[in-house]
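Text of upload_5.txt (compact mmCIF, C-alpha atoms) as supplied:
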# COMPACT_ATOMS: atom_id res chain seq x y z
CA ASP I 184 62.82 -66.05 109.46
CA THR I 185 59.31 -64.58 109.09
CA ALA I 186 56.99 -65.85 111.82
CA VAL I 187 53.60 -65.65 110.06
CA SER I 188 53.60 -65.14 106.32
CA GLN I 189 50.80 -64.64 103.85
CA THR I 190 50.67 -64.79 100.06
CA PRO I 191 49.84 -62.78 98.18
CA LYS I 192 50.12 -59.42 99.93
CA TYR I 193 47.92 -57.77 97.32
CA LEU I 194 45.17 -59.33 95.24
CA VAL I 195 43.11 -57.48 92.64
CA THR I 196 40.42 -59.43 90.87
CA GLN I 197 37.08 -59.19 89.12
CA MET I 198 33.70 -59.90 90.64
CA GLY I 199 32.68 -63.52 90.25
CA ASN I 200 36.21 -64.91 90.29
CA ASP I 201 37.53 -67.49 92.76
CA LYS I 202 40.72 -66.75 94.67
CA SER I 203 42.85 -68.20 97.46
CA ILE I 204 45.05 -66.69 100.14
CA LYS I 205 47.73 -68.78 101.79
CA CYS I 206 49.15 -68.53 105.29
CA GLU I 207 52.11 -70.26 106.88
CA GLN I 208 53.59 -69.98 110.36
CA ASN I 209 56.96 -71.24 111.56
CA LEU I 210 56.35 -70.60 115.27
CA GLY I 211 55.32 -74.17 116.02
CA HIS I 212 51.86 -72.97 117.06
CA ASP I 213 48.86 -75.28 117.05
CA THR I 214 46.11 -72.72 116.38
CA MET I 215 45.59 -70.48 113.38
CA TYR I 216 43.01 -67.82 112.55
CA TRP I 217 41.59 -65.71 109.77
CA TYR I 218 40.46 -62.16 110.55
CA LYS I 219 38.87 -59.64 108.22
CA GLN I 220 39.57 -55.90 108.47
CA ASP I 221 37.00 -53.81 106.65
CA SER I 222 37.35 -50.38 105.11
CA LYS I 223 36.70 -48.74 108.49
CA LYS I 224 39.56 -50.73 109.98
CA PHE I 225 37.26 -52.91 112.05
CA LEU I 226 38.75 -56.35 112.70
CA LYS I 227 36.60 -59.42 113.11
CA ILE I 228 37.33 -63.13 113.45
CA MET I 229 36.23 -65.38 110.61
CA PHE I 230 37.67 -68.83 111.33
CA SER I 231 40.03 -70.64 113.65
CA TYR I 232 41.69 -74.03 113.40
CA ASN I 233 43.37 -75.98 116.17
CA ASN I 234 45.54 -78.88 115.03
CA LYS I 235 43.72 -78.91 111.69
CA GLU I 236 40.30 -78.96 113.34
CA LEU I 237 37.86 -76.10 112.74
CA ILE I 238 36.98 -74.62 116.13
CA ILE I 239 35.61 -71.19 115.27
CA ASN I 240 33.32 -70.52 112.35
CA GLU I 241 31.71 -67.11 112.67
CA THR I 242 28.81 -65.99 110.52
CA VAL I 243 30.64 -65.98 107.22
CA PRO I 244 29.10 -66.64 103.77
CA ASN I 245 29.52 -70.19 102.44
CA ARG I 246 31.63 -68.73 99.65
CA PHE I 247 34.48 -68.58 102.15
CA SER I 248 36.11 -71.93 102.84
CA PRO I 249 39.17 -72.34 105.03
CA LYS I 250 41.44 -75.34 104.74
CA SER I 251 44.25 -76.43 107.03
CA PRO I 252 46.44 -79.14 105.45
CA ASP I 253 48.63 -79.20 108.54
CA LYS I 254 48.97 -77.15 111.67
CA ALA I 255 51.53 -74.82 110.09
CA HIS I 256 49.29 -73.84 107.17
CA LEU I 257 45.86 -72.29 106.85
CA ASN I 258 44.44 -71.27 103.50
CA LEU I 259 41.35 -69.26 102.67
CA HIS I 260 39.47 -69.89 99.45
CA ILE I 261 36.81 -67.48 98.31
CA ASN I 262 34.31 -68.37 95.59
CA SER I 263 32.28 -65.99 93.45
CA LEU I 264 33.93 -62.86 94.79
CA GLU I 265 31.70 -59.86 95.50
CA LEU I 266 32.48 -56.17 95.85
CA GLY I 267 31.84 -56.40 99.58
CA ASP I 268 34.63 -58.92 99.98
CA SER I 269 37.16 -56.15 99.43
CA ALA I 270 39.10 -55.93 102.69
CA VAL I 271 42.39 -56.80 104.33
CA TYR I 272 42.54 -60.42 105.46
CA PHE I 273 44.88 -61.28 108.31
CA CYS I 274 46.14 -64.66 109.30
CA ALA I 275 47.27 -65.17 112.89
CA SER I 276 48.61 -68.00 115.00
CA SER I 277 48.94 -68.87 118.67
CA GLN I 278 49.85 -71.73 120.92
CA ARG I 279 47.41 -72.82 123.56
CA ASP I 280 48.76 -72.74 127.07
CA ARG I 281 51.75 -70.64 126.13
CA GLY I 282 52.14 -66.93 126.74
CA GLY I 283 48.48 -66.40 127.40
CA ASP I 284 47.67 -67.78 123.99
CA THR I 285 48.88 -64.55 122.43
CA GLN I 286 48.07 -64.26 118.75
CA TYR I 287 50.72 -63.20 116.26
CA PHE I 288 49.61 -61.75 112.98
CA GLY I 289 50.79 -62.03 109.41
CA PRO I 290 51.29 -58.94 107.23
CA GLY I 291 47.79 -59.09 105.78
CA THR I 292 46.45 -59.56 102.25
CA ARG I 293 44.67 -56.60 100.70
CA LEU I 294 41.93 -57.96 98.47
CA THR I 295 40.32 -55.59 95.99
CA VAL I 296 37.31 -56.80 94.02
CA LEU I 297 36.46 -54.74 90.95
CA ALA Q 156 28.34 -61.01 124.32
CA GLN Q 157 31.62 -59.33 125.04
CA THR Q 158 32.25 -55.90 123.59
CA VAL Q 159 35.24 -53.58 123.47
CA THR Q 160 34.88 -49.81 123.20
CA GLN Q 161 37.51 -47.27 122.24
CA SER Q 162 35.91 -43.86 122.57
CA GLN Q 163 38.74 -41.84 121.04
CA PRO Q 164 38.82 -42.24 117.25
CA GLU Q 165 41.88 -39.97 117.01
CA MET Q 166 44.51 -38.64 119.38
CA SER Q 167 47.55 -36.44 118.97
CA VAL Q 168 50.68 -36.09 121.09
CA GLN Q 169 53.89 -34.07 120.90
CA GLU Q 170 57.11 -35.97 120.54
CA ALA Q 171 58.60 -36.85 123.97
CA GLU Q 172 55.27 -36.27 125.71
CA THR Q 173 52.94 -38.83 127.30
CA VAL Q 174 49.59 -39.91 125.95
CA THR Q 175 46.88 -42.24 127.27
CA LEU Q 176 44.54 -44.20 125.06
CA SER Q 177 41.26 -45.37 126.57
CA CYS Q 178 39.55 -48.74 126.32
CA THR Q 179 36.56 -50.16 128.13
CA TYR Q 180 35.08 -53.60 127.79
CA ASP Q 181 32.00 -55.47 128.82
CA THR Q 182 32.05 -59.07 129.98
CA SER Q 183 30.52 -61.35 132.57
CA GLU Q 184 33.59 -63.59 132.54
CA SER Q 185 36.14 -63.58 135.33
CA ASP Q 186 38.96 -65.21 133.35
CA TYR Q 187 40.14 -63.25 130.34
CA TYR Q 188 43.04 -61.47 128.70
CA LEU Q 189 43.37 -57.97 127.34
CA PHE Q 190 45.72 -56.78 124.64
CA TRP Q 191 46.86 -53.65 122.86
CA TYR Q 192 47.92 -54.05 119.25
CA LYS Q 193 49.57 -51.40 117.10
CA GLN Q 194 48.95 -51.12 113.36
CA PRO Q 195 51.32 -48.70 111.61
CA PRO Q 196 50.78 -47.62 107.99
CA SER Q 197 52.55 -50.83 106.92
CA ARG Q 198 49.31 -52.52 108.22
CA GLN Q 199 51.26 -55.13 110.19
CA MET Q 200 49.50 -55.92 113.50
CA ILE Q 201 52.07 -55.72 116.27
CA LEU Q 202 51.45 -56.81 119.84
CA VAL Q 203 52.24 -53.96 122.23
CA ILE Q 204 51.25 -55.34 125.61
CA ARG Q 205 49.16 -58.04 127.30
CA GLN Q 206 47.34 -58.15 130.63
CA GLU Q 207 45.96 -61.20 132.40
CA ALA Q 208 42.73 -60.42 134.27
CA TYR Q 209 43.80 -62.44 137.29
CA LYS Q 210 46.90 -60.29 137.78
CA GLN Q 211 46.46 -57.15 139.84
CA GLN Q 212 49.77 -55.70 138.74
CA ASN Q 213 49.62 -53.52 135.65
CA ALA Q 214 51.66 -54.77 132.69
CA THR Q 215 54.62 -52.72 131.48
CA GLU Q 216 56.75 -53.00 128.35
CA ASN Q 217 59.44 -50.32 128.16
CA ARG Q 218 57.66 -47.02 127.38
CA PHE Q 219 54.25 -48.71 127.27
CA SER Q 220 52.18 -49.41 130.36
CA VAL Q 221 48.56 -50.10 131.11
CA ASN Q 222 46.14 -49.01 133.79
CA PHE Q 223 43.94 -52.05 134.33
CA GLN Q 224 40.86 -51.36 136.44
CA LYS Q 225 39.00 -54.68 136.60
CA ALA Q 226 35.98 -53.48 138.55
CA ALA Q 227 35.51 -50.56 136.18
CA LYS Q 228 36.29 -52.79 133.15
CA SER Q 229 38.80 -50.27 131.94
CA PHE Q 230 42.13 -50.95 130.22
CA SER Q 231 43.99 -47.82 129.15
CA LEU Q 232 47.38 -47.67 127.44
CA LYS Q 233 49.95 -45.08 128.42
CA ILE Q 234 52.77 -44.26 126.04
CA SER Q 235 55.61 -42.33 127.65
CA ASP Q 236 58.28 -40.33 125.83
CA SER Q 237 56.33 -40.60 122.57
CA GLN Q 238 58.36 -41.14 119.43
CA LEU Q 239 57.54 -40.54 115.78
CA GLY Q 240 57.50 -44.29 115.25
CA ASP Q 241 54.60 -44.61 117.69
CA ALA Q 242 52.26 -43.03 115.15
CA ALA Q 243 49.79 -45.77 114.28
CA MET Q 244 46.32 -47.14 114.82
CA TYR Q 245 46.02 -48.76 118.23
CA PHE Q 246 43.54 -51.52 118.87
CA CYS Q 247 42.37 -52.78 122.23
CA ALA Q 248 41.35 -56.44 122.22
CA TYR Q 249 39.72 -58.92 124.59
CA ARG Q 250 39.92 -62.70 124.74
CA ARG Q 251 38.11 -65.05 127.06
CA GLY Q 252 40.03 -67.56 129.13
CA TYR Q 253 40.55 -71.14 128.00
CA GLY Q 254 37.96 -73.67 127.04
CA GLY Q 255 36.32 -74.53 123.75
CA ALA Q 256 36.17 -72.09 120.87
CA THR Q 257 37.08 -69.15 123.01
CA ASN Q 258 40.34 -68.03 121.51
CA LYS Q 259 38.99 -65.33 119.27
CA LEU Q 260 40.08 -61.77 119.83
CA ILE Q 261 37.33 -59.18 120.06
CA PHE Q 262 38.63 -55.83 118.91
CA GLY Q 263 37.68 -52.26 119.59
CA THR Q 264 37.29 -49.80 116.73
CA GLY Q 265 40.78 -48.40 117.14
CA THR Q 266 42.40 -45.07 118.01
CA LEU Q 267 44.54 -43.33 115.42
CA LEU Q 268 47.52 -41.76 117.15
CA ALA Q 269 49.44 -38.94 115.52
CA VAL Q 270 52.83 -37.87 116.90
CA GLN Q 271 53.81 -34.26 116.23
CA PRO Q 272 57.52 -33.40 115.94
Take the structure from the file and write it as structure tokens.
Amino acid sequence: DTAVSQTPKYLVTQMGNDKSIKCEQNLGHDTMYWYKQDSKKFLKIMFSYNNKELIINETVPNRFSPKSPDKAHLNLHINSLELGDSAVYFCASSQRDRGGDTQYFGPGTRLTVL
Amino acid sequence: AQTVTQSQPEMSVQEAETVTLSCTYDTSESDYYLFWYKQPPSRQMILVIRQEAYKQQNATENRFSVNFQKAAKSFSLKISDSQLGDAAMYFCAYRRGYGGATNKLIFGTGTLLAVQP
């Protein structure tokens, strides 16, 4: 009965590879997000989708491409991975007009690029 | 642009004592929300408490309460009767009110809380 789940939880890969992280929420929310937490623990928004429509696209390299096949899923694909992409990536979800639009987070995916 | 500042990188408290974590923010908006999230070593981000800017009453959740000073743009978190399980990184976060692409959370840099037995 996990609310927001992410796969995988850990991802170790070589520079130059392409990888994907998947996120699913069973809360019935209409908005989903990707945040990046760097090595200093700083959290910053990357993308947000509302009902499959991209509504936030922060200054993120083109190598990062989010995709939302439906409002319960939001995936993050990263091309040509670089050392600086190593971080923890969090998915979150919320429902507009409910509970102050509080965001609930997944467990995070720790990406290590070697 | 909105910013959130947590001036205490680390704090320590004795078990059963009370501790207050500080947070200040900068915004020109009048409609917004403030949050405290807890991140234990498991790295899961857990919502601790939420405050609506239009509410004058300070939010409370069991042992956790906030001191929201809107004019001073201050939003501190008080943890009473501290427990070992409270040891974690605590993040203060701000979100604008509704409308457009405004739902992003803006986080502070976090305060690492240690609880001493």
Just need the residues of chain I within 6 Å of chain Q, counting only C-alpha atoms, so spit them out as a JSON list (two decimals) with C-alpha atoms, keeping the file's coordinate frame.
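Ended up saving to out.json:
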[["chain", "number", "residue", "atom", "x", "y", "z"],
["I", 225, "PHE", "CA", 37.26, -52.91, 112.05],
["I", 238, "ILE", "CA", 36.98, -74.62, 116.13],
["I", 239, "ILE", "CA", 35.61, -71.19, 115.27],
["I", 288, "PHE", "CA", 49.61, -61.75, 112.98],
["I", 290, "PRO", "CA", 51.29, -58.94, 107.23]]
- Item | Atom pair CA of Phe219 (chain Q) / CA of Asp213 (chain I): separation (Å) |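 That distance, rounded to one decimal, is 29.0 Å.
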- Item | Between CA of Gln163 (chain Q) and CA of Thr175 (chain Q) - distance in Å to one decimal |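 Atom-to-atom, CA of Thr175 (chain Q) to CA of Gln163 (chain Q), that is 10.3 Å.
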- Message: Can you tell me which residues surround Asp221 (chain I) at a distance of at most 9 Å, considering all atoms listed in the file, apart from same-chain residues fewer than 5 positions away, and format the answer as a PyMOL selection string?
- Response: chain I and resi 226-227+268-272
Those residues you just picked out, can you put them in a file as a PDB file, in the frame of the given file with C-alpha atoms?
ATOM      1  CA  LEU I 226      38.750 -56.350 112.700  1.00  0.00           C
ATOM      2  CA  LYS I 227      36.600 -59.420 113.110  1.00  0.00           C
ATOM      3  CA  ASP I 268      34.630 -58.920  99.980  1.00  0.00           C
ATOM      4  CA  SER I 269      37.160 -56.150  99.430  1.00  0.00           C
ATOM      5  CA  ALA I 270      39.100 -55.930 102.690  1.00  0.00           C
ATOM      6  CA  VAL I 271      42.390 -56.800 104.330  1.00  0.00           C
ATOM      7  CA  TYR I 272      42.540 -60.420 105.460  1.00  0.00           C
TER       8      TYR I 272
END
- Query: Which residue gives the smallest distance to Leu239 (chain Q) among Q:Ala156, Q:Val270, Q:Ala226, Q:Val174, with only C-alpha atoms counted?
  - Reply: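 For Leu239 (chain Q), the nearest of the given residues is Q:Val270.
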- Query: Counting only C-alpha atoms, which of I:Ala255, I:Cys274, I:Val296, I:Leu237 gets nearest to Gln189 (chain I)?
  - Reply: I:Cys274
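From CA of Trp191 (chain Q) back to CA of Met166 (chain Q), the distance works out to 15.6 Å.
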Which polymer residues have any atom within 10 Å of an atom of Asn245 (chain I), counting all atoms listed in the file, with same-chain residues fewer than 3 positions away left out, as a PDB file with C-alpha atoms, in the coordinates of the input?
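Saved result, around00.pdb, follows:
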ATOM      1  CA  THR I 242      28.810 -65.990 110.520  1.00  0.00           C
ATOM      2  CA  SER I 248      36.110 -71.930 102.840  1.00  0.00           C
ATOM      3  CA  ILE I 261      36.810 -67.480  98.310  1.00  0.00           C
ATOM      4  CA  ASN I 262      34.310 -68.370  95.590  1.00  0.00           C
TER       5      ASN I 262
END
- Nearest to Asn258 (chain I), chosen from I:Thr295, I:Thr196, I:Ser231, I:Thr285, with only C-alpha atoms counted in the distances: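 Of I:Thr295, I:Thr196, I:Ser231, I:Thr285, the one nearest Asn258 (chain I), counting only C-alpha atoms, is I:Ser231.
Checking Q:Lys228, Q:Glu216, Q:Ser177, Q:Ser237 one by one against Glu165 (chain Q), counting all atoms listed in the file, you find the shortest gap at Q:Ser177.
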- Item | Point (56.2, -45.3, 117.9) neighbourhood (10 Å, all atoms listed in the file) written as a PyMOL selection string | chain Q and resi 170+193+195+218+234+236-243+268-270
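Within a radius of 6 Å around (49.7, -72.9, 118.1), the polymer residues are I:His212, I:Asp213, I:Thr214, I:Ser276, I:Ser277, I:Gln278, I:Arg279, counting all atoms listed in the file.
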- Leaving out Phe230 (chain Q) and any residue of its chain fewer than 5 positions from it, which residues lie within 8 Å of it when counting only C-alpha atoms, given as a list in words? Ser177, Cys178, Thr179, Tyr180, Leu189, Val221, Asn222, Phe223 and Gln224 of chain Q
- Do a neighbour search on Ile204 (chain I) at 8 Å with all atoms listed in the file, toss out local chain neighbours closer than 2 positions, and write the hits as JSON, numbers by chain. {"I": [189, 190, 191, 202, 206, 258, 259, 260, 292]}
